[in-house]
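For reference, final_17.cif is printed below; it contains mmCIF, C-alpha atoms and all ligand atoms.
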data_protein
#
loop_
_atom_site.label_atom_id
_atom_site.label_comp_id
_atom_site.auth_asym_id
_atom_site.auth_seq_id
_atom_site.Cartn_x
_atom_site.Cartn_y
_atom_site.Cartn_z
CA MET A 19 -27.70 -11.59 5.22
CA SER A 20 -30.82 -12.04 3.16
CA ALA A 21 -34.00 -12.30 5.15
CA SER A 22 -34.57 -15.88 3.95
CA VAL A 23 -31.31 -17.40 5.27
CA SER A 24 -30.18 -16.44 8.76
CA ARG A 25 -26.51 -16.35 9.80
CA ARG A 26 -27.07 -19.42 11.99
CA ASP A 27 -28.65 -21.39 9.11
CA PHE A 28 -25.74 -20.41 6.93
CA GLY A 29 -23.23 -21.66 9.50
CA ARG A 30 -25.15 -24.93 9.89
CA LEU A 31 -25.25 -25.38 6.13
CA PHE A 32 -21.48 -25.60 5.96
CA ALA A 33 -20.74 -27.20 9.31
CA VAL A 34 -20.42 -30.63 7.70
CA GLY A 35 -17.43 -32.63 6.61
CA GLY A 36 -14.93 -30.03 7.81
CA SER A 37 -16.21 -27.33 5.45
CA ALA A 38 -16.87 -24.98 8.32
CA ALA A 39 -13.22 -23.94 8.60
CA LEU A 40 -13.14 -23.23 4.90
CA PHE A 41 -16.08 -20.88 5.17
CA ALA A 42 -15.30 -19.46 8.60
CA ASP A 43 -15.28 -15.69 9.08
CA PRO A 44 -12.00 -14.17 8.01
CA VAL A 45 -9.49 -12.98 10.60
CA TRP A 46 -10.50 -9.34 10.36
CA ALA A 47 -14.15 -10.18 11.00
CA ARG A 48 -13.18 -12.14 14.11
CA GLU A 49 -10.97 -9.27 15.28
CA ASN A 50 -13.90 -6.89 14.90
CA ALA A 51 -16.18 -9.22 16.82
CA GLN A 52 -13.62 -9.65 19.62
CA ALA A 53 -13.15 -5.91 19.92
CA GLY A 54 -16.93 -5.68 20.11
CA GLN A 55 -16.92 -2.85 17.62
CA THR A 56 -15.78 -1.75 14.21
CA PRO A 57 -13.01 0.85 14.39
CA THR A 58 -14.11 4.30 13.34
CA ILE A 59 -12.27 7.16 11.73
CA SER A 60 -11.72 9.98 14.20
CA GLY A 61 -9.23 12.45 15.65
CA THR A 62 -6.87 14.89 14.05
CA GLY A 63 -3.27 14.83 12.77
CA GLU A 64 -1.45 11.50 13.20
CA ALA A 65 -4.26 10.16 15.40
CA PHE A 66 -6.65 10.64 12.48
CA TRP A 67 -4.34 8.75 10.10
CA LYS A 68 -3.89 5.97 12.69
CA SER A 69 -7.64 5.57 12.84
CA VAL A 70 -7.69 5.42 9.03
CA ARG A 71 -5.00 2.72 9.10
CA ALA A 72 -7.10 0.76 11.58
CA GLN A 73 -9.67 0.44 8.82
CA PHE A 74 -7.26 -1.84 6.97
CA VAL A 75 -6.49 -5.40 7.95
CA MET A 76 -2.75 -5.27 7.32
CA PRO A 77 -0.82 -6.13 10.50
CA ALA A 78 0.33 -2.95 12.26
CA ASP A 79 4.02 -3.86 11.86
CA LEU A 80 3.83 -4.49 8.10
CA GLY A 81 4.51 -1.41 5.98
CA VAL A 82 3.65 -2.10 2.36
CA LEU A 83 4.52 0.90 0.20
CA ASN A 84 3.36 -0.54 -3.10
CA ALA A 85 0.14 1.30 -3.95
CA ALA A 86 1.19 1.79 -7.58
CA ASN A 87 0.89 -1.96 -7.98
CA LEU A 88 -1.95 -3.06 -5.72
CA CYS A 89 -3.74 -1.54 -2.74
CA PRO A 90 -5.47 -3.38 0.08
CA ALA A 91 -9.23 -3.04 0.47
CA SER A 92 -10.50 -1.46 3.68
CA ARG A 93 -12.73 -3.24 6.16
CA PRO A 94 -15.99 -1.70 4.83
CA VAL A 95 -15.02 -2.86 1.32
CA LEU A 96 -14.17 -6.36 2.51
CA GLU A 97 -17.42 -6.55 4.43
CA ALA A 98 -19.46 -5.50 1.39
CA LEU A 99 -17.61 -8.01 -0.79
CA LYS A 100 -18.20 -10.88 1.59
CA ARG A 101 -21.81 -9.96 2.30
CA GLU A 102 -22.75 -9.67 -1.35
CA SER A 103 -20.78 -12.71 -2.53
CA ASP A 104 -22.37 -14.81 0.20
CA SER A 105 -25.79 -13.54 -0.76
CA VAL A 106 -25.44 -14.75 -4.35
CA ASP A 107 -24.00 -18.11 -3.33
CA ARG A 108 -26.75 -18.65 -0.79
CA ASP A 109 -29.45 -17.63 -3.17
CA PRO A 110 -28.42 -17.54 -6.85
CA SER A 111 -32.01 -17.13 -8.05
CA GLY A 112 -32.85 -14.54 -10.66
CA GLN A 113 -35.04 -12.92 -8.01
CA ASN A 114 -32.15 -12.38 -5.61
CA ARG A 115 -29.84 -11.22 -8.38
CA ALA A 116 -32.36 -8.83 -9.91
CA ARG A 117 -31.65 -6.20 -7.27
CA LEU A 118 -27.97 -6.28 -8.28
CA THR A 119 -28.71 -4.60 -11.62
CA GLY A 120 -29.59 -1.51 -9.64
CA GLU A 121 -26.36 -1.84 -7.68
CA LYS A 122 -24.33 -1.71 -10.90
CA GLU A 123 -26.07 1.54 -11.83
CA SER A 124 -25.43 2.84 -8.36
CA LEU A 125 -21.68 2.23 -8.87
CA ARG A 126 -21.92 4.07 -12.19
CA LYS A 127 -23.44 7.08 -10.42
CA ALA A 128 -20.77 6.93 -7.70
CA LEU A 129 -17.98 6.81 -10.31
CA ALA A 130 -19.50 9.73 -12.18
CA SER A 131 -19.71 11.79 -9.04
CA PHE A 132 -16.16 10.78 -7.96
CA LEU A 133 -14.74 11.83 -11.34
CA ARG A 134 -17.14 14.80 -11.65
CA VAL A 135 -18.77 13.70 -14.90
CA THR A 136 -22.13 12.10 -15.79
CA PRO A 137 -23.23 8.43 -15.43
CA GLU A 138 -24.03 8.46 -19.16
CA GLU A 139 -20.26 8.71 -19.79
CA ILE A 140 -19.16 5.83 -17.53
CA VAL A 141 -18.35 2.25 -18.55
CA ILE A 142 -17.57 -0.27 -15.79
CA THR A 143 -14.64 -2.42 -16.92
CA ARG A 144 -12.40 -5.11 -15.40
CA ASN A 145 -9.35 -2.89 -15.12
CA THR A 146 -7.27 -0.17 -16.78
CA SER A 147 -5.67 -2.61 -19.23
CA GLU A 148 -9.06 -3.55 -20.59
CA ALA A 149 -10.24 0.06 -20.68
CA ASN A 150 -7.12 1.24 -22.56
CA ASN A 151 -7.56 -1.57 -25.07
CA PHE A 152 -11.24 -0.78 -25.57
CA VAL A 153 -10.07 2.61 -26.83
CA SER A 154 -7.26 1.41 -29.11
CA SER A 155 -9.50 -1.35 -30.51
CA GLY A 156 -12.66 0.72 -30.73
CA LEU A 157 -11.61 3.71 -32.84
CA ASP A 158 -11.77 3.66 -36.64
CA LEU A 159 -8.07 4.08 -37.36
CA LYS A 160 -6.51 3.21 -40.69
CA ALA A 161 -3.39 3.69 -42.83
CA GLY A 162 -2.49 7.37 -42.95
CA ASP A 163 -3.78 8.08 -39.40
CA GLU A 164 -1.33 8.93 -36.63
CA VAL A 165 -1.46 8.22 -32.90
CA ILE A 166 0.90 9.99 -30.47
CA VAL A 167 1.91 8.01 -27.39
CA PHE A 168 4.34 8.61 -24.51
CA HIS A 169 7.14 6.06 -24.55
CA ASP A 170 6.90 5.46 -20.80
CA ASN A 171 3.27 4.32 -20.98
CA HIS A 172 2.22 0.94 -19.56
CA PRO A 173 2.10 -1.89 -22.16
CA SER A 174 -1.70 -1.65 -22.24
CA ASN A 175 -1.26 1.87 -23.65
CA LEU A 176 1.97 1.32 -25.63
CA THR A 177 2.36 -2.26 -26.86
CA ALA A 178 -1.39 -2.22 -27.49
CA TRP A 179 -1.10 0.74 -29.90
CA ASN A 180 1.98 -0.66 -31.66
CA GLU A 181 0.36 -4.06 -32.20
CA LYS A 182 -2.90 -2.54 -33.47
CA ALA A 183 -0.89 -0.28 -35.76
CA ARG A 184 0.63 -3.43 -37.28
CA ARG A 185 -2.85 -4.83 -37.77
CA PHE A 186 -4.76 -1.75 -38.97
CA GLY A 187 -1.97 0.16 -40.71
CA PHE A 188 -1.98 3.42 -38.74
CA THR A 189 1.27 4.98 -37.49
CA VAL A 190 2.41 5.39 -33.89
CA ILE A 191 4.58 8.38 -32.99
CA GLU A 192 6.37 7.99 -29.65
CA ILE A 193 7.29 10.90 -27.37
CA PRO A 194 10.56 9.95 -25.62
CA GLN A 195 10.72 9.93 -21.83
CA VAL A 196 13.34 12.25 -20.28
CA ASN A 197 14.82 11.74 -16.81
CA PRO A 198 14.75 13.63 -14.54
CA HIS A 199 11.33 15.08 -15.36
CA PRO A 200 12.20 18.03 -17.63
CA GLY A 201 9.10 20.02 -16.65
CA MET A 202 5.54 20.27 -17.93
CA GLU A 203 6.44 22.66 -20.76
CA HIS A 204 8.83 20.11 -22.23
CA TYR A 205 6.06 17.55 -22.75
CA ILE A 206 3.50 20.12 -23.88
CA ASN A 207 5.96 21.28 -26.56
CA ALA A 208 6.90 17.72 -27.52
CA TYR A 209 3.23 16.83 -28.14
CA LYS A 210 2.63 20.15 -29.91
CA LYS A 211 5.50 19.45 -32.31
CA ALA A 212 4.33 15.88 -32.94
CA ILE A 213 0.75 16.83 -33.90
CA THR A 214 0.10 16.86 -37.66
CA SER A 215 -3.03 17.02 -39.79
CA LYS A 216 -3.03 13.19 -39.64
CA THR A 217 -3.09 12.94 -35.84
CA ARG A 218 -6.29 11.33 -34.57
CA ILE A 219 -5.53 10.77 -30.88
CA LEU A 220 -2.82 11.51 -28.35
CA THR A 221 -2.31 9.55 -25.18
CA PHE A 222 -0.15 9.67 -22.05
CA THR A 223 -0.02 8.42 -18.49
CA HIS A 224 -1.34 10.92 -15.95
CA LEU A 225 1.30 9.73 -13.45
CA SER A 226 3.93 7.29 -14.69
CA SER A 227 4.21 3.97 -12.88
CA SER A 228 7.95 3.77 -13.59
CA VAL A 229 9.23 6.78 -11.65
CA GLY A 230 6.15 8.85 -10.81
CA ASP A 231 6.41 11.59 -13.43
CA LEU A 232 3.29 13.75 -13.30
CA PHE A 233 1.89 14.84 -16.66
CA PRO A 234 0.09 18.11 -17.53
CA ALA A 235 -3.21 16.37 -18.22
CA LYS A 236 -5.38 19.47 -18.55
CA GLU A 237 -2.97 21.26 -20.89
CA LEU A 238 -2.40 18.22 -23.12
CA CYS A 239 -6.14 17.54 -23.41
CA ALA A 240 -6.71 21.23 -24.28
CA LEU A 241 -3.94 20.99 -26.90
CA ALA A 242 -5.66 17.94 -28.40
CA ARG A 243 -9.03 19.72 -28.55
CA GLU A 244 -7.48 22.79 -30.21
CA HIS A 245 -6.25 20.55 -33.02
CA GLY A 246 -9.40 18.43 -33.34
CA VAL A 247 -7.51 15.45 -31.89
CA MET A 248 -8.90 13.00 -29.31
CA SER A 249 -7.14 12.34 -25.98
CA LEU A 250 -6.78 9.25 -23.78
CA VAL A 251 -5.49 9.75 -20.24
CA ASP A 252 -4.27 6.55 -18.55
CA GLY A 253 -5.35 7.21 -14.98
CA ALA A 254 -4.20 3.94 -13.41
CA GLN A 255 -1.87 5.92 -11.13
CA SER A 256 -4.02 9.01 -10.59
CA PHE A 257 -7.49 7.55 -9.99
CA GLY A 258 -7.98 7.35 -6.21
CA LEU A 259 -4.72 9.19 -5.50
CA LEU A 260 -5.17 12.64 -6.99
CA ASP A 261 -8.41 14.54 -6.52
CA VAL A 262 -9.09 14.07 -10.26
CA ASN A 263 -11.67 16.37 -11.84
CA LEU A 264 -12.47 15.15 -15.35
CA ALA A 265 -14.89 18.02 -15.96
CA ASP A 266 -11.86 20.29 -15.67
CA ILE A 267 -9.31 18.10 -17.50
CA SER A 268 -11.83 17.22 -20.23
CA PRO A 269 -10.18 14.23 -21.90
CA ASP A 270 -12.08 12.15 -24.45
CA PHE A 271 -11.17 8.97 -22.56
CA TYR A 272 -9.86 8.30 -19.04
CA THR A 273 -9.14 4.88 -17.54
CA GLY A 274 -8.53 3.49 -14.05
CA SER A 275 -8.56 0.40 -11.81
CA ALA A 276 -10.43 -0.17 -8.55
CA HIS A 277 -7.64 -2.28 -7.09
CA LYS A 278 -4.99 0.42 -7.20
CA TRP A 279 -5.24 3.76 -5.37
CA PRO A 280 -9.04 3.63 -4.80
CA CYS A 281 -8.46 0.55 -2.55
CA GLY A 282 -11.44 -1.16 -4.08
CA ALA A 283 -12.06 -4.81 -4.70
CA ARG A 284 -9.84 -6.52 -7.26
CA GLU A 285 -10.73 -6.75 -10.92
CA CYS A 286 -12.99 -3.82 -11.52
CA GLY A 287 -12.24 -0.59 -13.32
CA VAL A 288 -13.56 2.39 -15.20
CA LEU A 289 -13.52 3.78 -18.71
CA TYR A 290 -14.77 7.35 -18.99
CA ILE A 291 -15.95 8.26 -22.48
CA ASN A 292 -16.68 11.95 -22.90
CA ALA A 293 -20.14 12.52 -24.48
CA ARG A 294 -18.48 14.24 -27.43
CA ALA A 295 -16.54 11.03 -28.23
CA HIS A 296 -19.45 8.56 -28.08
CA LYS A 297 -19.85 8.72 -31.84
CA ASN A 298 -16.16 7.87 -32.40
CA ILE A 299 -15.90 4.53 -30.61
CA TRP A 300 -17.18 1.02 -31.37
CA PRO A 301 -17.86 -1.56 -28.67
CA SER A 302 -15.31 -4.39 -28.59
CA ILE A 303 -17.67 -6.85 -26.92
CA TYR A 304 -21.24 -7.74 -27.86
CA SER A 305 -23.02 -9.87 -25.30
CA ALA A 306 -25.84 -9.59 -22.76
CA TYR A 307 -26.54 -7.42 -19.69
CA PRO A 308 -25.75 -3.89 -20.90
CA GLY A 309 -25.71 -0.88 -18.60
CA ALA A 310 -28.83 1.25 -18.24
CA VAL A 311 -27.78 4.73 -19.31
CA GLY A 312 -25.80 6.57 -21.97
CA ILE A 313 -22.85 4.84 -23.63
CA SER A 314 -23.14 1.83 -21.29
CA ARG A 315 -26.35 0.77 -23.10
CA THR A 316 -24.37 -0.11 -26.22
CA PHE A 317 -20.79 -0.36 -24.98
CA GLU A 318 -21.16 -2.38 -21.79
CA SER A 319 -22.85 -5.63 -22.83
CA PHE A 320 -20.09 -7.67 -21.20
CA GLY A 321 -22.16 -10.72 -20.16
CA GLN A 322 -22.21 -11.99 -16.57
CA ARG A 323 -20.39 -9.80 -14.08
CA ASP A 324 -19.54 -10.00 -10.41
CA GLU A 325 -21.83 -7.44 -8.85
CA ALA A 326 -20.38 -8.10 -5.38
CA THR A 327 -17.14 -6.60 -6.62
CA MET A 328 -19.00 -3.59 -7.99
CA ILE A 329 -20.79 -2.99 -4.70
CA ALA A 330 -17.46 -3.24 -2.90
CA PHE A 331 -15.94 -0.78 -5.38
CA ARG A 332 -18.71 1.72 -4.63
CA GLU A 333 -18.04 1.23 -0.94
CA ALA A 334 -14.35 2.04 -1.61
CA LEU A 335 -15.27 5.31 -3.33
CA GLU A 336 -17.52 6.21 -0.39
CA PHE A 337 -14.72 5.35 2.03
CA GLN A 338 -12.27 7.64 0.24
CA THR A 339 -14.83 10.41 0.11
CA LYS A 340 -15.38 10.02 3.85
CA VAL A 341 -11.64 10.22 4.58
CA GLY A 342 -11.40 13.22 2.24
CA ARG A 343 -9.99 13.12 -1.27
CA ALA A 344 -7.89 16.25 -0.97
CA ALA A 345 -6.54 14.96 2.37
CA ILE A 346 -5.65 11.59 0.80
CA GLU A 347 -3.75 13.27 -2.02
CA LYS A 348 -1.94 15.58 0.39
CA ARG A 349 -0.99 12.76 2.76
CA SER A 350 0.35 10.43 0.04
CA ARG A 351 2.34 13.23 -1.56
CA GLU A 352 3.81 14.31 1.78
CA LEU A 353 4.94 10.75 2.53
CA ALA A 354 6.52 10.46 -0.94
CA ASN A 355 8.37 13.76 -0.55
CA GLN A 356 9.55 12.69 2.91
CA LEU A 357 10.91 9.54 1.24
CA ILE A 358 12.62 11.46 -1.57
CA ALA A 359 14.24 13.80 0.96
CA GLY A 360 15.46 10.88 3.10
CA LEU A 361 16.81 8.84 0.18
CA SER A 362 18.51 11.86 -1.37
CA LYS A 363 20.69 12.20 1.72
CA LEU A 364 22.05 8.65 1.40
CA PRO A 365 25.40 8.33 -0.37
CA ASP A 366 25.28 6.59 -3.75
CA VAL A 367 21.47 6.47 -3.92
CA LYS A 368 20.17 7.80 -7.22
CA VAL A 369 16.57 8.94 -6.95
CA TRP A 370 14.92 8.80 -10.38
CA THR A 371 11.82 10.68 -9.28
CA SER A 372 11.81 14.46 -9.53
CA PRO A 373 12.20 16.15 -6.12
CA ASN A 374 9.94 18.95 -7.37
CA PRO A 375 6.52 18.39 -5.73
CA ALA A 376 4.85 20.00 -8.76
CA LEU A 377 6.23 17.20 -10.97
CA ASN A 378 5.82 14.13 -8.75
CA ALA A 379 3.05 12.41 -6.82
CA ALA A 380 3.45 9.44 -4.45
CA VAL A 381 5.46 7.13 -6.73
CA VAL A 382 9.20 7.10 -5.96
CA SER A 383 11.91 5.07 -7.75
CA PHE A 384 15.58 4.87 -6.82
CA GLN A 385 18.77 3.00 -7.55
CA PRO A 386 20.25 1.84 -4.21
CA GLY A 387 23.94 2.33 -5.03
CA SER A 388 25.56 -0.92 -6.10
CA LEU A 389 23.17 -3.09 -4.08
CA ASN A 390 21.23 -5.71 -5.99
CA PRO A 391 17.65 -4.31 -6.01
CA GLN A 392 15.98 -7.73 -5.95
CA ARG A 393 18.00 -8.88 -2.95
CA LEU A 394 17.47 -5.55 -1.22
CA GLY A 395 13.70 -5.74 -1.82
CA GLN A 396 13.65 -9.25 -0.36
CA ALA A 397 15.68 -8.21 2.71
CA LEU A 398 13.45 -5.17 3.28
CA TYR A 399 10.40 -7.41 3.25
CA GLU A 400 11.77 -10.29 5.30
CA LYS A 401 13.85 -8.42 7.87
CA ASP A 402 12.32 -4.94 8.03
CA LYS A 403 8.71 -5.71 7.11
CA ILE A 404 8.65 -3.15 4.33
CA GLY A 405 7.05 -3.95 0.96
CA THR A 406 8.44 -2.28 -2.19
CA ALA A 407 8.51 -3.23 -5.86
CA GLY A 408 11.59 -4.18 -7.87
CA ARG A 409 12.33 -2.35 -11.11
CA GLY A 410 14.48 -4.61 -13.24
CA GLY A 411 16.34 -3.79 -16.43
CA GLN A 412 18.67 -1.00 -17.45
CA ASP A 413 16.01 1.70 -17.66
CA ARG A 414 16.05 3.53 -14.33
CA GLY A 415 16.25 0.23 -12.48
CA GLY A 416 16.16 -0.23 -8.72
CA LEU A 417 13.26 -0.18 -6.30
CA ARG A 418 9.93 1.62 -6.33
CA ALA A 419 8.06 2.70 -3.21
CA SER A 420 4.59 4.18 -3.52
CA PRO A 421 3.08 5.28 -0.19
CA HIS A 422 -0.65 5.81 0.21
CA PHE A 423 -2.85 7.26 2.93
CA TYR A 424 -2.72 4.07 5.03
CA ASN A 425 1.09 4.37 5.33
CA SER A 426 2.83 6.44 7.97
CA PRO A 427 5.87 8.71 8.37
CA GLU A 428 7.35 6.00 10.61
CA GLU A 429 7.16 3.44 7.79
CA VAL A 430 8.88 5.88 5.44
CA ASP A 431 11.64 6.46 8.03
CA ARG A 432 11.95 2.70 8.51
CA LEU A 433 12.49 2.24 4.78
CA VAL A 434 15.11 5.01 4.59
CA GLY A 435 16.86 3.69 7.73
CA ALA A 436 16.92 0.13 6.39
CA VAL A 437 18.32 1.21 3.00
CA ALA A 438 21.04 3.17 4.85
CA LYS A 439 21.84 0.07 6.93
CA TYR A 440 22.14 -2.21 3.87
CA LEU A 441 24.22 0.37 2.00
CA LYS A 442 26.66 0.32 4.91
CA ASN A 443 26.68 -3.39 5.75
CA GLY A 444 25.56 -5.03 2.50
CA VAL A 445 22.47 -7.19 2.06
C1 LIG A 501 0.03 3.44 -15.90
C2 LIG A 501 -0.63 2.10 -15.87
N1 LIG A 501 -1.56 1.80 -16.77
C3 LIG A 501 -2.21 0.62 -16.75
C4 LIG A 501 -1.92 -0.33 -15.79
C5 LIG A 501 -2.66 -1.62 -15.79
O1 LIG A 501 -3.49 -1.72 -14.67
P1 LIG A 501 -4.32 -3.04 -14.46
O2 LIG A 501 -3.32 -4.14 -14.25
O3 LIG A 501 -5.14 -2.77 -13.26
O4 LIG A 501 -5.11 -3.26 -15.70
C6 LIG A 501 -0.94 -0.06 -14.83
C7 LIG A 501 -0.58 -1.06 -13.82
O5 LIG A 501 0.35 -0.93 -13.06
C8 LIG A 501 -0.28 1.20 -14.87
O6 LIG A 501 0.65 1.52 -13.96
#
Spell out the structure here as structure tokens.
Amino acid sequence: MSASVSRRDFGRLFAVGGSAALFADPVWARENAQAGQTPTISGTGEAFWKSVRAQFVMPADLGVLNAANLCPASRPVLEALKRESDSVDRDPSGQNRARLTGEKESLRKALASFLRVTPEEIVITRNTSEANNFVSSGLDLKAGDEVIVFHDNHPSNLTAWNEKARRFGFTVIEIPQVNPHPGMEHYINAYKKAITSKTRILTFTHLSSSVGDLFPAKELCALAREHGVMSLVDGAQSFGLLDVNLADISPDFYTGSAHKWPCGARECGVLYINARAHKNIWPSIYSAYPGAVGISRTFESFGQRDEATMIAFREALEFQTKVGRAAIEKRSRELANQLIAGLSKLPDVKVWTSPNPALNAAVVSFQPGSLNPQRLGQALYEKDKIGTAGRGGQDRGGLRASPHFYNSPEEVDRLVGAVAKYLKNGV
């Protein structure tokens, strides 16, 4: 609440013509008020994780294991989003918004600290798709240049390169995906063999969204540096899940989204541009309101932004830091390995994800025998209150489940039990 408009005034403002219901406090805010307190994180073991779950507004009986697609925001994030959005709508003056410039820089600092790099290397984007495309559009690539990509990349890091190759004349070399994960050495060797004197950049997905194959990010970025080649790590599935240390991995570019594993507000993201690569990349957008430091001064003139979302994103990073980043990674990976172990025991289920914990991380895909994956996914949601994602097509089709730190061993067991039931009785 800004000092100039009290909560009561705000309520009165909208209590006309039935608008009050439209602007009423959301359910979670009422729940907090009724409980007379905001739940806090405390305890140890499962009690600790229960208290973490209580920070999310998902109903207790709904187990959504779909973090690779979209994560819910926690209560502190939702509160920040609502507070800051309301503030701008109550008082959209330049004076009220002026303070928000500082908030954007504060998010930049938080992102830098979270990824263990400097604020001068951080660009605040809308999402990973945009960040990946800023790289493929922003480099001076021409006929004769080569770009090495992993075939199992997301379209924003695969189709994007192929389309820009058609436009600018450079060549894309694709590294085929192998299932099951053939081991880190396989991909290191595949990239090594593909590098030529024409290679300008190599790119891969830190953790694949298809089946959760983990990539040797540090080794591939080192390989790129040894050959004077740039590297782009698509971190959509590692940012906010793994305890990522970019100072150690040292890519030229790394990208991520707030609305996936960091559990931030929707439609915000990050593009890390290593200081050594600043000279190599052109901005794709020229507009107003640049960032205040480093590359953001020239690269981040994106026009009007939603600072409420940025403040909420910072809150999400703080929330994860409070829970413990190493603990979050450990918990999500344990749940995924529990799921792999459970599914592997079911007859006819083909698990596409490697059972080797050194090669996987919290994204699990499987073919549920001869069951129709779409119908199974629907039954799991409607009858068992479990959210998964369908993987259509011939390429390692089936269902994907991606547990995060707000999920529980019970939800994983419920999923395995329900799949077993449908395998036996049909959907
Ligand atoms: C590996 C990977 N890269 C990029 C993206 C795109 O993320 P966004 O939709 O947040 O831009 C995704 C989304 O699932 C992804 O899995």
| said: Using all atoms listed in the file, which protein or nucleic acid residues come within 9 Å of A:Glu336? Drop anything in the same chain fewer than 4 positions from it, and give the result as JSON, numbers by chain. | reply: {"A": [128, 132, 331, 332, 340, 341]}
| Got a sec to check which residues lie within 7 Å of ligand LIG 501 (chain A), using all atoms listed in the file, and send them as a list in words? |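 Answer in the requested format: Ala86, Asn87, Asn145, Thr146, Ser147, Glu148, Asn171, His172, Ser174, Asn175, Thr223, Leu225, Ser226, Ser227, Asp252, Gly253, Ala254, Gln255, Ser275, His277 and Lys278 of chain A.
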| Which of these, A:Leu159, A:Ile191, A:Ala149, A:Ile346, has the shortest distance to A:Ser256 once you count all atoms listed in the file? | A:Ile346
| query | Nearest to A:Arg117: which of A:Ala326, A:Ala376, A:Leu96, A:Val434 is it, counting only C-alpha atoms? | reply | A:Ala326
| query | Restricting the calculation to only C-alpha atoms, which member of A:Thr371, A:Asn378, A:Asn114, A:Thr136 is positioned closest to A:Ile313? | reply |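 Closest to A:Ile313 of all the choices is A:Thr136.
Of the residues listed (A:Phe337, A:Phe271, A:Trp279, A:Phe168), A:Trp279 shows the shortest atom-to-atom separation from A:Phe257; distances use all atoms listed in the file.
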Can you check which parts of stretch 272-367 of chain A lie within 8 Å of stretch 98-107 of chain A? Per residue, the shortest pair of atoms and distance in Å to one decimal, counting only C-alpha atoms, sorted by chain and number, as a Markdown table.
| residue | atom | partner | partner_atom | distance |
| --- | --- | --- | --- | --- |
| A:Ala283 | CA | A:Leu99 | CA | 7.5 |
| A:Glu325 | CA | A:Glu102 | CA | 7.9 |
| A:Ala326 | CA | A:Glu102 | CA | 4.9 |
| A:Thr327 | CA | A:Leu99 | CA | 6.0 |
| A:Ile329 | CA | A:Ala98 | CA | 6.7 |
| A:Ala330 | CA | A:Leu99 | CA | 5.2 |
| A:Glu333 | CA | A:Ala98 | CA | 7.3 |
| task | List every protein, DNA or RNA residue with an atom no more than 9 Å from (28.6, -1.6, -4.2) in the file's coordinates, counting all atoms listed in the file, and format the result as a PyMOL selection string. | result | chain A and resi 366+387-390+441+444
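When all atoms listed in the file are used to measure the gap to A:Glu285, the shortest distance among A:Met328, A:Val367, A:Leu250, A:Ala72 belongs to A:Met328.
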| request: Grab the atom CA of A:Gln396 to atom CA of A:Leu353 distance for me, in Å with one decimal place. | output: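 Spanning atom CA of A:Gln396 to atom CA of A:Leu353 is a straight-line distance of 22.0 Å.
Of note, atom CA of A:Glu139 and atom CA of A:Gly112 are spaced 28.0 Å apart.
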Regenerate stretch 118-129 of chain A at the level of N, CA and C atoms and dump it as a PDB file, in the coordinates of the input.
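The resulting selection27.pdb:
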ATOM      1  N   LEU A 118     -29.364  -6.649  -8.041  1.00  0.00           N
ATOM      2  CA  LEU A 118     -27.970  -6.280  -8.280  1.00  0.00           C
ATOM      3  C   LEU A 118     -27.805  -5.387  -9.513  1.00  0.00           C
ATOM      4  N   THR A 119     -28.769  -5.469 -10.430  1.00  0.00           N
ATOM      5  CA  THR A 119     -28.710  -4.600 -11.620  1.00  0.00           C
ATOM      6  C   THR A 119     -28.683  -3.147 -11.157  1.00  0.00           C
ATOM      7  N   GLY A 120     -29.518  -2.870 -10.192  1.00  0.00           N
ATOM      8  CA  GLY A 120     -29.590  -1.510  -9.640  1.00  0.00           C
ATOM      9  C   GLY A 120     -28.273  -1.126  -8.987  1.00  0.00           C
ATOM     10  N   GLU A 121     -27.623  -2.126  -8.365  1.00  0.00           N
ATOM     11  CA  GLU A 121     -26.360  -1.840  -7.680  1.00  0.00           C
ATOM     12  C   GLU A 121     -25.285  -1.435  -8.685  1.00  0.00           C
ATOM     13  N   LYS A 122     -25.310  -2.065  -9.867  1.00  0.00           N
ATOM     14  CA  LYS A 122     -24.330  -1.710 -10.900  1.00  0.00           C
ATOM     15  C   LYS A 122     -24.529  -0.239 -11.309  1.00  0.00           C
ATOM     16  N   GLU A 123     -25.795   0.142 -11.440  1.00  0.00           N
ATOM     17  CA  GLU A 123     -26.070   1.540 -11.830  1.00  0.00           C
ATOM     18  C   GLU A 123     -25.686   2.506 -10.711  1.00  0.00           C
ATOM     19  N   SER A 124     -25.807   1.999  -9.495  1.00  0.00           N
ATOM     20  CA  SER A 124     -25.430   2.840  -8.360  1.00  0.00           C
ATOM     21  C   SER A 124     -23.911   3.071  -8.360  1.00  0.00           C
ATOM     22  N   LEU A 125     -23.136   2.038  -8.734  1.00  0.00           N
ATOM     23  CA  LEU A 125     -21.680   2.230  -8.870  1.00  0.00           C
ATOM     24  C   LEU A 125     -21.397   3.243  -9.983  1.00  0.00           C
ATOM     25  N   ARG A 126     -22.136   3.135 -11.069  1.00  0.00           N
ATOM     26  CA  ARG A 126     -21.920   4.070 -12.190  1.00  0.00           C
ATOM     27  C   ARG A 126     -22.106   5.516 -11.718  1.00  0.00           C
ATOM     28  N   LYS A 127     -23.168   5.713 -10.938  1.00  0.00           N
ATOM     29  CA  LYS A 127     -23.440   7.080 -10.420  1.00  0.00           C
ATOM     30  C   LYS A 127     -22.300   7.524  -9.491  1.00  0.00           C
ATOM     31  N   ALA A 128     -21.844   6.589  -8.659  1.00  0.00           N
ATOM     32  CA  ALA A 128     -20.770   6.930  -7.700  1.00  0.00           C
ATOM     33  C   ALA A 128     -19.479   7.285  -8.454  1.00  0.00           C
ATOM     34  N   LEU A 129     -19.187   6.524  -9.513  1.00  0.00           N
ATOM     35  CA  LEU A 129     -17.980   6.810 -10.310  1.00  0.00           C
ATOM     36  C   LEU A 129     -18.099   8.175 -10.984  1.00  0.00           C
TER      37      LEU A 129
END
